[in-house]
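These notes are about the structure you will find just below.
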Amino acid sequence: MTGFVLGVAAALLLVWLRGRLAGFGAQASGDYAGGPALDIRAALNGPLLCEGVIYGPTGRARSRFVGEFQADWQGATCRMAEVFRYEGGAVDRRDWVLQLGNDGAISATAADVLGRGVGRQQGSAVVLRYRIRLPQDAGGHVLSVTDWMYATPGGGIVNRSQFRKWGVLVAELVATIRKAPAEAGA
């Protein structure tokens, strides 16, 4: 019996170590110091189009969405309004205020974010970590979010986010963000 318990403990330790040392959570902004530079003041500015998929904890696609963003920078401060339209007809809105420090540090607030999100822009990537409260119709749960954005060679962004409750992965989002196409006739 003792051998079984030790075996289970060792297996759990290995799973935990893999997540900490080799998984999504093991990334650090310094890992992306090279590559195409991602300046969020340029990449997240003006009208933007976002398209993505949300995966449940089993890895299956649960929802698809299109987002329209408007990001406006005044010095080191950005106000970004997001409108998400989901395939089922639901619409979500979020208004962010981002502060970019001279050293690449990022501070972020939004109405459904508890406290202040913190992150960093370095090289070809941006990371932002925050806690978000889901709407009551989605359970009102508070989730810990790790949000990575990676520069693409064509000037777009690939966004990958993980949502956790008590350290357990409950959802993952993968999306693209790019400049919105100009209006026809504009």
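The way I read the labels, and the way they are meant: chains A, B, ... in the order of the structure tokens, residue 1 as the first residue of every chain, and ligand 1 as the first ligand shown, with later ones counted on from there.
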> Which residues come within 12 Å of Leu169 of chain A, counting only C-alpha atoms, excluding same-chain residues fewer than 3 positions away, as a VMD selection string?
Replying inline: chain A and resid 19 24 to 25 55 to 59 143 to 146 161 to 166 172 to 173
> Do you know which residues are at most 10 Å from Thr176 of chain A counting only C-alpha atoms, after dropping those on the same chain fewer than 2 positions away, and could you put them as a ChimeraX atom specification?
Replying inline: /A:49-53,66-67,149-150,152,156-160,174,178
Generate the output file for the selected residues, N, CA and C atoms, as a tab-separated table (two decimals), in the first residue's frame.
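Output saved as again-v8.tsv:
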chain	number	residue	atom	x	y	z
A	49	LEU	N	-9.67	43.66	-35.68
A	49	LEU	CA	-10.57	42.52	-35.84
A	49	LEU	C	-9.95	41.32	-35.15
A	50	CYS	N	-10.74	40.63	-34.36
A	50	CYS	CA	-10.28	39.46	-33.61
A	50	CYS	C	-11.22	38.30	-33.94
A	51	GLU	N	-10.66	37.13	-34.23
A	51	GLU	CA	-11.46	35.93	-34.46
A	51	GLU	C	-10.84	34.81	-33.65
A	52	GLY	N	-11.69	34.02	-32.98
A	52	GLY	CA	-11.11	32.99	-32.15
A	52	GLY	C	-12.05	31.87	-31.77
A	53	VAL	N	-11.48	30.94	-31.04
A	53	VAL	CA	-12.16	29.74	-30.56
A	53	VAL	C	-11.85	29.59	-29.08
A	66	VAL	N	-16.22	36.43	-32.96
A	66	VAL	CA	-15.58	37.51	-33.70
A	66	VAL	C	-15.60	38.72	-32.78
A	67	GLY	N	-14.48	39.40	-32.68
A	67	GLY	CA	-14.40	40.60	-31.85
A	67	GLY	C	-14.02	41.81	-32.67
A	149	MET	N	0.34	37.05	-26.09
A	149	MET	CA	0.16	37.53	-27.45
A	149	MET	C	1.51	37.46	-28.15
A	150	TYR	N	1.52	36.87	-29.36
A	150	TYR	CA	2.75	36.66	-30.10
A	150	TYR	C	2.66	37.39	-31.44
A	152	THR	N	3.19	38.03	-35.34
A	152	THR	CA	3.31	37.19	-36.53
A	152	THR	C	4.07	37.98	-37.59
A	156	GLY	N	0.29	40.73	-37.67
A	156	GLY	CA	-0.83	40.38	-36.81
A	156	GLY	C	-0.35	39.85	-35.47
A	157	ILE	N	-1.31	39.39	-34.69
A	157	ILE	CA	-1.03	38.84	-33.36
A	157	ILE	C	-1.80	37.53	-33.22
A	158	VAL	N	-1.14	36.52	-32.66
A	158	VAL	CA	-1.82	35.30	-32.22
A	158	VAL	C	-1.93	35.41	-30.71
A	159	ASN	N	-3.15	35.25	-30.20
A	159	ASN	CA	-3.43	35.37	-28.77
A	159	ASN	C	-3.80	33.98	-28.25
A	160	ARG	N	-3.11	33.55	-27.20
A	160	ARG	CA	-3.44	32.29	-26.54
A	160	ARG	C	-3.60	32.58	-25.07
A	174	VAL	N	-7.85	30.66	-28.22
A	174	VAL	CA	-6.86	30.91	-29.26
A	174	VAL	C	-7.52	31.85	-30.26
A	178	ARG	N	-5.85	41.44	-35.78
A	178	ARG	CA	-5.21	42.15	-36.87
A	178	ARG	C	-5.93	43.47	-37.10
> For Leu38 of chain A, which residue among A:Leu100, A:Ala180, A:Ala125, A:Ala175 is the nearest when counting only C-alpha atoms?
Replying inline: A:Ala125
> Mind pulling up the distance from atom CA of Tyr130 of chain A to atom CA of Ala43 of chain A?
Replying inline: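 Between these atoms lies a distance of 21.0 Å.
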> Can you tell me how far atom CA of Gly115 of chain A sits from atom CA of Ile54 of chain A, in Å to one decimal?
Replying inline: 24.2 Å
> Taking the backbone alone, and naming residues the way the document does, which bits of segment 11-150 of chain A are alpha helix (DSSP H) by DSSP, as a ChimeraX atom specification?
Replying inline: /A:11-21,40-43
> Of the candidates A:Val83, A:Asp92, A:Asp72, A:Ser124, which shows the shortest atom-to-atom distance to Ala138 of chain A, using only C-alpha atoms?
Replying inline: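 Looking at the shortest contact to Ala138 of chain A, the residue is A:Asp92.
Of note, atom CA of Val97 of chain A and atom CA of Gly34 of chain A are spaced 27.3 Å apart.
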> How would you write, as a PyMOL selection string, the set of residues in segment 69-130 of chain A that DSSP gives as strand (DSSP E or B)?
Replying inline: chain A and resi 69-74+77-86+91-100+105-109+113-122+125-130
Excluding Leu98 of chain A and any residue of its chain fewer than 4 positions from it, enumerate the residues within 7 Å of it, using only C-alpha atoms, and give them as a short mmCIF file (atom, residue, chain, number, x, y, z; two decimals) with C-alpha atoms, in the first residue's frame.
data_model
loop_
_atom_site.label_atom_id
_atom_site.label_comp_id
_atom_site.auth_asym_id
_atom_site.auth_seq_id
_atom_site.Cartn_x
_atom_site.Cartn_y
_atom_site.Cartn_z
CA THR A 77 -2.10 54.91 -21.84
CA CYS A 78 -4.44 52.90 -24.06
CA ARG A 79 -8.21 52.73 -23.87
CA ILE A 106 2.08 46.59 -18.44
CA SER A 107 -0.71 47.37 -16.00
CA ALA A 108 -4.31 46.68 -17.03
CA THR A 109 -7.76 47.32 -15.58
#
>> Give me the residues near Ala81 of chain A as a PyMOL selection string, where near means some atom within 10 Å (using only C-alpha atoms) and where sequence neighbours in that chain fewer than 6 positions away do not count.
In response: chain A and resi 47+68-72+93-97+110
May I have the residues from that selection written out with N, CA and C atoms, as a PDB file, in the first residue's frame?
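Final output, saved to again-v1.pdb:
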ATOM      1  N   PRO A  47      -8.831  50.574 -35.190  1.00  0.00           N
ATOM      2  CA  PRO A  47      -9.823  49.499 -35.272  1.00  0.00           C
ATOM      3  C   PRO A  47      -9.137  48.157 -35.540  1.00  0.00           C
ATOM      4  N   GLU A  68     -14.630  42.919 -32.337  1.00  0.00           N
ATOM      5  CA  GLU A  68     -14.258  44.201 -32.932  1.00  0.00           C
ATOM      6  C   GLU A  68     -13.739  45.078 -31.805  1.00  0.00           C
ATOM      7  N   PHE A  69     -12.510  45.563 -31.961  1.00  0.00           N
ATOM      8  CA  PHE A  69     -11.862  46.364 -30.935  1.00  0.00           C
ATOM      9  C   PHE A  69     -11.581  47.759 -31.485  1.00  0.00           C
ATOM     10  N   GLN A  70     -11.571  48.716 -30.578  1.00  0.00           N
ATOM     11  CA  GLN A  70     -11.095  50.055 -30.904  1.00  0.00           C
ATOM     12  C   GLN A  70     -10.098  50.427 -29.821  1.00  0.00           C
ATOM     13  N   ALA A  71      -8.833  50.557 -30.209  1.00  0.00           N
ATOM     14  CA  ALA A  71      -7.766  50.878 -29.258  1.00  0.00           C
ATOM     15  C   ALA A  71      -7.182  52.239 -29.603  1.00  0.00           C
ATOM     16  N   ASP A  72      -7.107  53.105 -28.596  1.00  0.00           N
ATOM     17  CA  ASP A  72      -6.594  54.457 -28.796  1.00  0.00           C
ATOM     18  C   ASP A  72      -5.560  54.773 -27.725  1.00  0.00           C
ATOM     19  N   ARG A  93     -19.005  42.751 -23.847  1.00  0.00           N
ATOM     20  CA  ARG A  93     -18.228  43.983 -24.008  1.00  0.00           C
ATOM     21  C   ARG A  93     -17.233  44.095 -22.853  1.00  0.00           C
ATOM     22  N   ARG A  94     -16.075  44.647 -23.170  1.00  0.00           N
ATOM     23  CA  ARG A  94     -15.075  44.907 -22.133  1.00  0.00           C
ATOM     24  C   ARG A  94     -14.324  46.169 -22.536  1.00  0.00           C
ATOM     25  N   ASP A  95     -14.103  47.026 -21.578  1.00  0.00           N
ATOM     26  CA  ASP A  95     -13.324  48.242 -21.789  1.00  0.00           C
ATOM     27  C   ASP A  95     -12.070  48.164 -20.933  1.00  0.00           C
ATOM     28  N   TRP A  96     -10.925  48.103 -21.580  1.00  0.00           N
ATOM     29  CA  TRP A  96      -9.638  48.018 -20.916  1.00  0.00           C
ATOM     30  C   TRP A  96      -8.984  49.388 -20.829  1.00  0.00           C
ATOM     31  N   VAL A  97      -8.203  49.587 -19.782  1.00  0.00           N
ATOM     32  CA  VAL A  97      -7.251  50.692 -19.714  1.00  0.00           C
ATOM     33  C   VAL A  97      -5.892  50.043 -19.479  1.00  0.00           C
ATOM     34  N   ALA A 110     -10.015  46.602 -16.011  1.00  0.00           N
ATOM     35  CA  ALA A 110     -11.307  46.510 -16.694  1.00  0.00           C
ATOM     36  C   ALA A 110     -12.344  46.239 -15.612  1.00  0.00           C
TER      37      ALA A 110
END
